[in-house]
$ cat structure_20.cif   # mmCIF, C-alpha atoms
data_entry
loop_
_atom_site.group_PDB
_atom_site.id
_atom_site.type_symbol
_atom_site.label_atom_id
_atom_site.label_comp_id
_atom_site.auth_asym_id
_atom_site.auth_seq_id
_atom_site.Cartn_x
_atom_site.Cartn_y
_atom_site.Cartn_z
ATOM 1 C CA MET A 757 -23.430 -13.989 3.789
ATOM 2 C CA LYS A 758 -19.891 -12.802 3.233
ATOM 3 C CA GLN A 759 -19.399 -10.077 0.670
ATOM 4 C CA LYS A 760 -15.874 -9.947 -0.702
ATOM 5 C CA PHE A 761 -14.088 -6.898 -1.979
ATOM 6 C CA LYS A 762 -13.717 -7.068 -5.697
ATOM 7 C CA GLU A 763 -10.072 -7.852 -6.347
ATOM 8 C CA ILE A 764 -8.784 -6.063 -9.428
ATOM 9 C CA ASN A 765 -6.124 -8.003 -11.259
ATOM 10 C CA PHE A 766 -3.571 -6.511 -13.583
ATOM 11 C CA SER A 767 -5.041 -6.057 -17.049
ATOM 12 C CA ARG A 768 -2.903 -6.925 -20.036
ATOM 13 C CA GLU A 769 -5.027 -4.760 -22.314
ATOM 14 C CA ASN A 770 -2.762 -2.621 -24.522
ATOM 15 C CA VAL A 771 0.290 -3.944 -22.669
ATOM 16 C CA PHE A 772 3.313 -5.218 -24.578
ATOM 17 C CA GLY A 773 4.076 -8.096 -22.244
ATOM 18 C CA SER A 774 5.632 -5.807 -19.653
ATOM 19 C CA HIS A 775 3.354 -6.130 -16.620
ATOM 20 C CA PHE A 776 3.200 -2.366 -16.772
ATOM 21 C CA ASP A 777 0.522 0.143 -17.693
ATOM 22 C CA ILE A 778 0.019 3.887 -17.496
ATOM 23 C CA LEU A 779 -3.151 5.954 -17.643
ATOM 24 C CA THR A 780 -4.366 9.383 -16.661
ATOM 25 C CA TYR A 781 -6.463 10.041 -13.577
ATOM 26 C CA GLN A 782 -9.219 11.475 -15.792
ATOM 27 C CA GLU A 783 -9.280 8.271 -17.849
ATOM 28 C CA LEU A 784 -9.647 6.238 -14.673
ATOM 29 C CA LEU A 785 -12.603 8.270 -13.401
ATOM 30 C CA LYS A 786 -14.392 7.983 -16.760
ATOM 31 C CA LYS A 787 -14.065 4.196 -16.919
ATOM 32 C CA LYS A 788 -17.209 2.113 -16.441
ATOM 33 C CA PRO A 789 -16.008 -1.334 -15.354
ATOM 34 C CA LYS A 790 -18.617 -4.087 -15.538
ATOM 35 C CA ASP A 791 -17.473 -5.944 -12.421
ATOM 36 C CA HIS A 792 -16.778 -3.128 -9.910
ATOM 37 C CA SER A 793 -16.866 0.612 -9.322
ATOM 38 C CA GLN A 794 -13.762 2.713 -8.869
ATOM 39 C CA PHE A 795 -15.821 4.798 -6.430
ATOM 40 C CA GLU A 796 -16.357 1.844 -4.084
ATOM 41 C CA PHE A 797 -13.770 -0.062 -2.069
ATOM 42 C CA HIS A 798 -11.803 -2.558 -4.143
ATOM 43 C CA LYS A 799 -8.562 -4.448 -3.695
ATOM 44 C CA VAL A 800 -5.659 -4.143 -6.114
ATOM 45 C CA SER A 801 -3.347 -7.060 -6.897
ATOM 46 C CA PHE A 802 -0.623 -4.757 -8.210
ATOM 47 C CA TYR A 803 1.355 -1.637 -7.305
ATOM 48 C CA VAL A 804 0.405 1.925 -8.218
ATOM 49 C CA LEU A 805 2.255 5.224 -8.278
ATOM 50 C CA LEU A 806 -0.436 7.912 -8.267
ATOM 51 C CA LEU A 807 0.770 11.456 -8.992
ATOM 52 C CA PHE A 808 -1.572 14.444 -9.074
ATOM 53 C CA THR A 809 -0.601 17.176 -11.511
ATOM 54 C CA ALA A 810 -3.444 19.683 -11.063
ATOM 55 C CA GLY A 811 -6.487 20.387 -8.925
ATOM 56 C CA LYS A 812 -7.286 19.005 -5.508
ATOM 57 C CA GLY A 813 -9.581 16.436 -3.941
ATOM 58 C CA LYS A 814 -9.835 13.380 -1.725
ATOM 59 C CA TYR A 815 -8.628 9.791 -2.099
ATOM 60 C CA ASN A 816 -9.185 6.855 0.255
ATOM 61 C CA LEU A 817 -6.378 4.360 0.798
ATOM 62 C CA ASN A 818 -6.843 1.495 3.259
ATOM 63 C CA PHE A 819 -9.892 3.166 4.836
ATOM 64 C CA LYS A 820 -8.184 6.504 5.403
ATOM 65 C CA ASP A 821 -9.237 9.605 3.501
ATOM 66 C CA HIS A 822 -6.317 11.686 2.205
ATOM 67 C CA GLN A 823 -6.593 15.211 0.851
ATOM 68 C CA PHE A 824 -4.422 15.876 -2.188
ATOM 69 C CA LYS A 825 -3.356 18.745 -4.413
ATOM 70 C CA LYS A 826 -0.872 19.325 -7.216
ATOM 71 C CA ASN A 827 2.475 17.602 -6.529
ATOM 72 C CA THR A 828 0.911 15.005 -4.160
ATOM 73 C CA LEU A 829 2.137 11.466 -4.793
ATOM 74 C CA PHE A 830 0.814 8.180 -3.374
ATOM 75 C CA THR A 831 2.632 4.839 -3.258
ATOM 76 C CA VAL A 832 -0.029 2.112 -3.289
ATOM 77 C CA ARG A 833 1.147 -1.324 -2.215
ATOM 78 C CA GLN A 834 -0.125 -4.583 -3.714
ATOM 79 C CA ASP A 835 -3.207 -5.888 -1.816
ATOM 80 C CA SER A 836 -4.182 -2.385 -0.705
ATOM 81 C CA ILE A 837 -7.855 -1.444 -0.604
ATOM 82 C CA HIS A 838 -8.799 1.924 -2.013
ATOM 83 C CA LYS A 839 -11.503 3.984 -3.664
ATOM 84 C CA PHE A 840 -11.679 7.214 -5.604
ATOM 85 C CA TYR A 841 -13.968 10.225 -5.310
ATOM 86 C CA LYS A 842 -15.302 12.217 -8.229
ATOM 87 C CA ASN A 843 -13.476 15.505 -8.766
ATOM 88 C CA ASP A 844 -11.867 17.612 -11.504
ATOM 89 C CA ALA A 845 -8.248 16.894 -10.578
ATOM 90 C CA SER A 846 -5.631 15.708 -13.068
ATOM 91 C CA GLY A 847 -2.958 13.120 -12.588
ATOM 92 C CA VAL A 848 -1.224 9.999 -13.812
ATOM 93 C CA LEU A 849 -1.176 6.384 -12.595
ATOM 94 C CA LEU A 850 1.795 4.109 -13.170
ATOM 95 C CA VAL A 851 0.575 0.536 -12.680
ATOM 96 C CA PHE A 852 2.849 -2.501 -12.436
ATOM 97 C CA THR A 853 3.088 -5.950 -10.906
ATOM 98 C CA LYS A 854 5.528 -7.482 -8.456
ATOM 99 C CA ASN A 855 6.760 -9.551 -11.401
ATOM 100 C CA PHE A 856 7.723 -6.310 -13.167
ATOM 101 C CA ILE A 857 9.766 -5.223 -10.140
ATOM 102 C CA GLN A 858 11.544 -8.545 -9.686
ATOM 103 C CA LYS A 859 12.149 -9.209 -13.386
ATOM 104 C CA HIS A 860 13.773 -5.856 -14.089
ATOM 105 C CA SER A 861 15.655 -5.229 -10.831
ATOM 106 C CA ASN A 862 18.432 -6.980 -8.966
ATOM 107 C CA LYS A 863 17.708 -8.248 -5.460
ATOM 108 C CA LEU A 864 18.870 -5.049 -3.704
ATOM 109 C CA GLU A 865 16.951 -2.744 -6.047
ATOM 110 C CA ALA A 866 13.798 -4.859 -5.737
ATOM 111 C CA SER A 867 13.965 -4.785 -1.933
ATOM 112 C CA LYS A 868 14.256 -0.992 -2.011
ATOM 113 C CA VAL A 869 11.207 -0.688 -4.255
ATOM 114 C CA LEU A 870 9.171 -2.894 -1.921
ATOM 115 C CA MET A 871 10.322 -0.771 1.031
ATOM 116 C CA LEU A 872 9.268 2.365 -0.836
ATOM 117 C CA PHE A 873 5.721 1.009 -1.021
ATOM 118 C CA ASN A 874 5.592 -0.285 2.571
ATOM 119 C CA GLU A 875 3.181 2.033 4.421
ATOM 120 C CA MET A 876 4.398 0.655 7.752
ATOM 121 C CA LEU A 877 7.796 2.238 7.133
ATOM 122 C CA SER A 878 6.608 5.624 5.929
ATOM 123 C CA SER A 879 3.446 7.383 4.851
ATOM 124 C CA PRO A 880 2.100 6.345 1.427
ATOM 125 C CA LYS A 881 1.411 10.036 0.764
ATOM 126 C CA PHE A 882 4.044 12.698 0.297
ATOM 127 C CA GLN A 883 4.281 16.134 -1.248
ATOM 128 C CA LEU A 884 6.964 16.672 -3.865
ATOM 129 C CA ASN A 885 8.824 19.959 -3.997
ATOM 130 C CA SER A 886 8.855 21.791 -7.323
ATOM 131 C CA ASN A 887 12.225 20.428 -8.484
ATOM 132 C CA ASP A 888 11.392 16.815 -7.610
ATOM 133 C CA TYR A 889 7.949 17.196 -9.165
ATOM 134 C CA ASP A 890 9.413 18.503 -12.436
ATOM 135 C CA GLU A 891 11.871 15.590 -12.615
ATOM 136 C CA ILE A 892 9.255 12.925 -11.838
ATOM 137 C CA THR A 893 6.702 14.352 -14.315
ATOM 138 C CA MET A 894 9.391 14.510 -17.027
ATOM 139 C CA LEU A 895 10.143 10.817 -16.447
ATOM 140 C CA THR A 896 6.460 9.835 -16.372
ATOM 141 C CA ASP A 897 5.903 11.736 -19.640
ATOM 142 C CA LEU A 898 8.748 9.780 -21.231
ATOM 143 C CA ALA A 899 7.283 6.519 -19.910
ATOM 144 C CA LYS A 900 3.838 7.439 -21.240
ATOM 145 C CA LYS A 901 5.239 8.251 -24.681
ATOM 146 C CA GLU A 902 7.232 5.019 -24.794
ATOM 147 C CA HIS A 903 4.297 2.940 -23.571
ATOM 148 C CA HIS A 904 1.774 4.284 -26.063
ATOM 149 C CA SER A 905 3.975 4.913 -29.105
ATOM 150 C CA PHE A 906 6.138 1.806 -29.441
ATOM 151 C CA ASN A 907 5.640 -1.947 -29.641
ATOM 152 C CA ASP A 908 9.104 -3.201 -30.442
ATOM 153 C CA GLY A 909 11.667 -5.258 -28.580
ATOM 154 C CA HIS A 910 13.172 -2.190 -26.929
ATOM 155 C CA LYS A 911 10.009 -1.016 -25.223
ATOM 156 C CA THR A 912 10.199 -3.138 -22.066
ATOM 157 C CA VAL A 913 13.878 -2.316 -21.495
ATOM 158 C CA ILE A 914 13.274 1.419 -21.826
ATOM 159 C CA LEU A 915 10.170 1.339 -19.603
ATOM 160 C CA SER A 916 11.922 -0.667 -16.898
ATOM 161 C CA SER A 917 14.911 1.705 -17.010
ATOM 162 C CA LEU A 918 12.685 4.772 -16.669
ATOM 163 C CA MET A 919 10.776 3.174 -13.803
ATOM 164 C CA GLN A 920 14.000 2.243 -12.023
ATOM 165 C CA ILE A 921 15.076 5.890 -12.180
ATOM 166 C CA ILE A 922 11.697 6.993 -10.806
ATOM 167 C CA PHE A 923 11.887 4.448 -7.987
ATOM 168 C CA THR A 924 15.422 5.476 -7.090
ATOM 169 C CA LYS A 925 14.584 9.178 -7.086
ATOM 170 C CA LEU A 926 11.551 8.572 -4.849
ATOM 171 C CA TYR A 927 13.647 6.360 -2.578
ATOM 172 C CA ARG A 928 16.187 9.183 -2.297
ATOM 173 C CA ILE A 929 13.415 11.665 -1.433
ATOM 174 C CA LYS A 930 12.033 9.410 1.297
ATOM 175 C CA SER A 931 15.529 8.692 2.618
ATOM 176 C CA LYS A 932 16.138 12.391 3.290
ATOM 177 C CA ASP A 933 13.505 12.438 6.038
ATOM 178 C CA ASN A 934 13.685 8.770 6.968
ATOM 179 C CA PRO A 935 17.243 7.549 7.701
ATOM 180 C CA LEU A 936 16.070 3.999 8.390
ATOM 181 C CA PHE A 937 15.938 3.483 4.618
ATOM 182 C CA GLU A 938 19.729 3.551 4.560
ATOM 183 C CA ASN A 939 21.512 0.485 5.969
ATOM 184 C CA ASN A 940 19.610 0.144 9.237
ATOM 185 C CA ARG A 941 20.646 -3.118 10.924
ATOM 186 C CA SER A 942 17.186 -3.574 12.448
ATOM 187 C CA LEU A 943 15.341 -3.211 9.159
ATOM 188 C CA SER A 944 15.567 -6.817 7.950
ATOM 189 C CA THR A 945 14.333 -8.057 11.337
ATOM 190 C CA PHE A 946 11.449 -5.591 11.246
ATOM 191 C CA LEU A 947 10.402 -6.578 7.717
ATOM 192 C CA ASP A 948 10.548 -10.276 8.594
ATOM 193 C CA PHE A 949 8.484 -9.550 11.720
ATOM 194 C CA GLN A 950 5.935 -7.652 9.642
ATOM 195 C CA GLY A 951 5.573 -10.573 7.239
ATOM 196 C CA HIS A 952 4.884 -13.012 10.080
ATOM 197 C CA ILE A 953 2.313 -10.684 11.689
ATOM 198 C CA GLU A 954 0.428 -10.163 8.437
ATOM 199 C CA LYS A 955 0.216 -13.932 8.049
ATOM 200 C CA HIS A 956 -0.701 -14.880 11.623
ATOM 201 C CA CYS A 957 -2.282 -11.822 13.311
ATOM 202 C CA PHE A 958 -5.703 -13.487 13.702
ATOM 203 C CA LYS A 959 -4.026 -16.523 15.242
ATOM 204 C CA ASN A 960 -1.887 -14.786 17.843
ATOM 205 C CA ARG A 961 -1.158 -11.244 19.063
ATOM 206 C CA LYS A 962 1.596 -12.076 21.559
ATOM 207 C CA VAL A 963 5.150 -10.874 20.990
ATOM 208 C CA SER A 964 6.514 -14.164 22.351
ATOM 209 C CA PHE A 965 4.700 -16.126 19.608
ATOM 210 C CA TYR A 966 6.543 -14.217 16.875
ATOM 211 C CA ALA A 967 9.840 -14.219 18.743
ATOM 212 C CA ASP A 968 9.675 -18.035 18.926
ATOM 213 C CA LYS A 969 8.818 -18.281 15.219
ATOM 214 C CA MET A 970 11.758 -16.063 14.309
ATOM 215 C CA LYS A 971 14.080 -17.693 16.886
ATOM 216 C CA LEU A 972 14.712 -14.309 18.496
ATOM 217 C CA SER A 973 14.186 -12.847 21.940
ATOM 218 C CA THR A 974 11.248 -10.545 22.643
ATOM 219 C CA LYS A 975 13.830 -7.893 23.527
ATOM 220 C CA THR A 976 15.324 -8.132 20.027
ATOM 221 C CA LEU A 977 11.888 -7.640 18.423
ATOM 222 C CA ASN A 978 11.158 -4.680 20.679
ATOM 223 C CA ASN A 979 14.522 -3.137 19.862
ATOM 224 C CA ALA A 980 13.927 -3.597 16.121
ATOM 225 C CA THR A 981 10.453 -2.051 16.080
ATOM 226 C CA ASN A 982 11.561 0.803 18.329
ATOM 227 C CA ALA A 983 14.500 1.496 16.018
ATOM 228 C CA ILE A 984 12.340 1.499 12.880
ATOM 229 C CA ILE A 985 8.959 2.982 13.853
ATOM 230 C CA ASN A 986 9.534 4.112 17.445
ATOM 231 C CA LYS A 987 6.913 1.690 18.765
ATOM 232 C CA SER A 988 6.942 -1.465 20.832
ATOM 233 C CA ALA A 989 6.564 -4.847 19.179
ATOM 234 C CA LYS A 990 3.121 -5.245 20.780
ATOM 235 C CA SER A 991 1.953 -1.876 19.421
ATOM 236 C CA PHE A 992 3.110 -2.894 15.956
ATOM 237 C CA ILE A 993 1.208 -6.188 16.201
ATOM 238 C CA ASP A 994 -1.896 -4.226 17.222
ATOM 239 C CA ASP A 995 -1.473 -1.852 14.261
ATOM 240 C CA VAL A 996 -1.280 -4.673 11.719
ATOM 241 C CA PHE A 997 -4.095 -6.584 13.426
ATOM 242 C CA MET A 998 -6.372 -3.527 13.240
ATOM 243 C CA ILE A 999 -5.688 -2.997 9.532
ATOM 244 C CA HIS A 1000 -6.675 -6.586 8.743
ATOM 245 C CA THR A 1001 -9.646 -6.493 11.115
ATOM 246 C CA LYS A 1002 -11.013 -3.307 9.553
ATOM 247 C CA ARG A 1003 -10.757 -4.941 6.146
ATOM 248 C CA LEU A 1004 -12.734 -7.906 7.415
ATOM 249 C CA ILE A 1005 -15.449 -5.720 8.974
ATOM 250 C CA ILE A 1006 -15.926 -3.710 5.787
ATOM 251 C CA ASN A 1007 -15.675 -6.799 3.629
ATOM 252 C CA SER A 1008 -18.370 -8.814 5.387
ATOM 253 C CA GLN A 1009 -22.055 -8.731 6.150
ATOM 254 C CA ALA A 1010 -21.508 -11.075 9.094
ATOM 255 C CA PRO A 1011 -22.462 -9.833 12.586
ATOM 256 C CA ILE A 1012 -19.636 -8.156 14.477
ATOM 257 C CA THR A 1013 -19.913 -10.867 17.145
ATOM 258 C CA LYS A 1014 -19.080 -13.514 14.528
ATOM 259 C CA ILE A 1015 -16.146 -11.459 13.282
ATOM 260 C CA ALA A 1016 -14.861 -11.238 16.877
ATOM 261 C CA TYR A 1017 -14.478 -15.025 16.939
ATOM 262 C CA GLU A 1018 -12.997 -15.053 13.440
ATOM 263 C CA VAL A 1019 -10.169 -12.686 14.419
ATOM 264 C CA GLY A 1020 -9.218 -14.737 17.471
ATOM 265 C CA PHE A 1021 -11.257 -13.452 20.426
ATOM 266 C CA ASP A 1022 -12.976 -15.956 22.700
ATOM 267 C CA GLU A 1023 -15.394 -13.344 24.035
ATOM 268 C CA PRO A 1024 -16.988 -10.742 21.709
ATOM 269 C CA THR A 1025 -17.211 -8.224 24.574
ATOM 270 C CA ASN A 1026 -13.405 -8.262 24.849
ATOM 271 C CA PHE A 1027 -13.155 -7.621 21.111
ATOM 272 C CA PHE A 1028 -15.602 -4.696 21.340
ATOM 273 C CA LYS A 1029 -13.509 -3.084 24.086
ATOM 274 C CA TYR A 1030 -10.243 -3.748 22.266
ATOM 275 C CA PHE A 1031 -11.478 -2.341 18.935
ATOM 276 C CA LYS A 1032 -12.851 0.840 20.503
ATOM 277 C CA LYS A 1033 -9.639 1.393 22.431
ATOM 278 C CA GLN A 1034 -7.557 1.013 19.271
ATOM 279 C CA ALA A 1035 -9.823 2.812 16.783
ATOM 280 C CA GLY A 1036 -11.530 5.385 18.992
ATOM 281 C CA ILE A 1037 -14.950 4.221 17.788
ATOM 282 C CA SER A 1038 -16.857 0.963 18.046
ATOM 283 C CA ALA A 1039 -16.647 -1.699 15.348
ATOM 284 C CA SER A 1040 -20.316 -1.088 14.484
ATOM 285 C CA GLU A 1041 -19.706 2.645 14.131
ATOM 286 C CA PHE A 1042 -16.700 1.970 11.926
ATOM 287 C CA ARG A 1043 -18.766 -0.246 9.656
ATOM 288 C CA SER A 1044 -21.616 2.272 9.399
ATOM 289 C CA ILE A 1045 -19.496 5.309 8.502
ATOM 290 C CA ARG A 1046 -17.737 3.457 5.714
#

$ encode --input "structure_20.cif" --output "structure tokens"
Amino acid sequence: MKQKFKEINFSRENVFGSHFDILTYQELLKKKPKDHSQFEFHKVSFYVLLLFTAGKGKYNLNFKDHQFKKNTLFTVRQDSIHKFYKNDASGVLLVFTKNFIQKHSNKLEASKVLMLFNEMLSSPKFQLNSNDYDEITMLTDLAKKEHHSFNDGHKTVILSSLMQIIFTKLYRIKSKDNPLFENNRSLSTFLDFQGHIEKHCFKNRKVSFYADKMKLSTKTLNNATNAIINKSAKSFIDDVFMIHTKRLIINSQAPITKIAYEVGFDEPTNFFKYFKKQAGISASEFRSIR
């Protein structure tokens, strides 16, 4: 019997029609949801900026444990799977939907925000220096005050303006160490390629399949992925395939042999070899340690 991750939708509780919410990390850990546990894997249908302001601990995002401390910030993309661990750390979560991004940003600004949250382009975790941390916390404090203190017609405009400043500052920070964020000609091809892989990775893992879909040569796809992430197109397909396969393994009680067929392998033994080569452990071991 298949056991689905609980998908957490955006809650409109205490929200003034803005598709935006803000809460402290301590508030999150104290919550007792009736339909899921924040300490077990669950899928989010929204975006999250998670900033830690004190203490240290561990946080799992897309099946990878990350250590954090003060000044650590995570960009959590919509449809990510995560879980929290109990600890005494402090922090703040800025929660918003894709609708919030698109409604309050022009097309260029919205695309930059989505790039900021794309873990295939850069790590979802980064450490802010003291100056950047002070600026971001000042802006989040203003957003928190606005969100909790006002319910007038100006609230959404002010919140969206503050968030746009936060996004832009974070984009600038990431751009310093990642020049591909600035006008890279291969970027649009890469992002289009990524979208096709995420949609069809269980159907086909051949570069030629995606090249045909995009009406490009395999050389063009290889050049684009090499320019953006310094990997071949095939390696990128394998990376995305493994992320989705791991989700399926964790999210199902079905035998691994059945999952092998479900993800596009004709012979389970070939899947077992492939998974171990990519992950370093067997699919069964991966399931058991999670």

$ closest_atom_pairs --input "structure_20.cif" --of "range 818-920 of chain A" --to "range 786-792 of chain A" --cutoff "12 Å" --atoms "all atoms listed in the file" --output "tab-separated table"
residue	atom	partner	partner_atom	distance
A:Lys839	CA	A:His792	CA	10.8
A:Phe840	CA	A:Lys786	CA	11.5
A:Tyr841	CA	A:Lys786	CA	11.7
A:Lys842	CA	A:Lys786	CA	9.6
A:Asn843	CA	A:Lys786	CA	11.0
A:Asp844	CA	A:Lys786	CA	11.3

$ write_last_selection --input "structure_20.cif" --atoms "C-alpha atoms" --output "compact mmCIF listing (two decimals), in the coordinates of the input"
# COMPACT_ATOMS: atom_id res chain seq x y z
CA LYS A 839 -11.50 3.98 -3.66
CA PHE A 840 -11.68 7.21 -5.60
CA TYR A 841 -13.97 10.22 -5.31
CA LYS A 842 -15.30 12.22 -8.23
CA ASN A 843 -13.48 15.50 -8.77
CA ASP A 844 -11.87 17.61 -11.50

$ closest_atom_pairs --input "structure_20.cif" --of "range 801-820 of chain A" --to "range 1002-1021 of chain A" --cutoff "12 Å" --atoms "only C-alpha atoms" --output "Markdown table"
| residue | atom | partner | partner_atom | distance |
| --- | --- | --- | --- | --- |
| A:Leu817 | CA | A:Arg1003 | CA | 11.6 |
| A:Asn818 | CA | A:Arg1003 | CA | 8.1 |
| A:Phe819 | CA | A:Lys1002 | CA | 8.1 |
| A:Lys820 | CA | A:Lys1002 | CA | 11.0 |

$ atom_distance --input "structure_20.cif" --atom1 "CA of Asn827 in chain A" --atom2 "CA of Leu807 in chain A"
6.8 Å

$ closest_residue --input "structure_20.cif" --among "A:Asn885, A:Ser861, A:Asn874, A:Ser931" --to "Ser917 in chain A" --atoms "all atoms listed in the file"
A:Ser861

$ closest_residue --input "structure_20.cif" --among "A:Lys911, A:Lys955, A:Lys881, A:Lys826" --to "Val848 in chain A" --atoms "all atoms listed in the file"
A:Lys826

$ resolve_selection --input "structure_20.cif" --expression "the PyMOL selection byres ((chain A and resi 830) around 7)" --output "NGL selection string"
:A and (805-807 or 828-829 or 831-832 or 880-882)

$ closest_residue --input "structure_20.cif" --among "A:Asp821, A:Asp1022, A:Gln920, A:Gly847" --to "Leu785 in chain A" --atoms "only C-alpha atoms"
A:Gly847

$ atom_distance --input "structure_20.cif" --atom1 "CA of Glu865 in chain A" --atom2 "CA of Thr924 in chain A"
8.4 Å

$ atom_distance --input "structure_20.cif" --atom1 "CA of Val851 in chain A" --atom2 "CA of Asp948 in chain A"
25.9 Å

$ residues_around --input "structure_20.cif" --residues "range 988-999 of chain A" --least-positions-apart "6" --cutoff "12 Å" --atoms "all atoms listed in the file" --output "VMD selection string"
chain A and resid 817 to 820 835 to 837 875 to 877 945 to 947 949 to 967 973 to 982 1005 to 1006 1019 to 1020 1027 1030 to 1036 1039 1042

$ closest_residue --input "structure_20.cif" --among "A:Arg1043, A:His775, A:His1000, A:Lys969" --to "Asn855 in chain A" --atoms "all atoms listed in the file"
A:His775

$ resolve_selection --input "structure_20.cif" --expression "the PyMOL selection byres ((chain A and resi 897-905) around 9)" --output "ChimeraX atom specification"
/A:770-772,776-779,850,892-896,906-907,911-912,914-915,918-919

$ resolve_selection --input "structure_20.cif" --expression "the PyMOL selection byres ((chain A and resi 869) around 9)" --output "NGL selection string"
:A and (857 or 864-868 or 870-874 or 920 or 923-924 or 927)

$ closest_residue --input "structure_20.cif" --among "A:Val804, A:Ser1044, A:Ile984, A:Lys863" --to "Leu943 in chain A" --atoms "all atoms listed in the file"
A:Ile984

$ closest_residue --input "structure_20.cif" --among "A:Glu763, A:Asp888, A:Asp908, A:Glu1041" --to "Arg928 in chain A" --atoms "all atoms listed in the file"
A:Asp888

$ axis_aligned_box --input "structure_20.cif" --around "range 808-813 of chain A" --padding-each-side "5 Å" --output "AutoDock Vina command-line options"
--center_x -5.1 --center_y 17.4 --center_z -7.7 --size_x 19.0 --size_y 15.9 --size_z 17.6
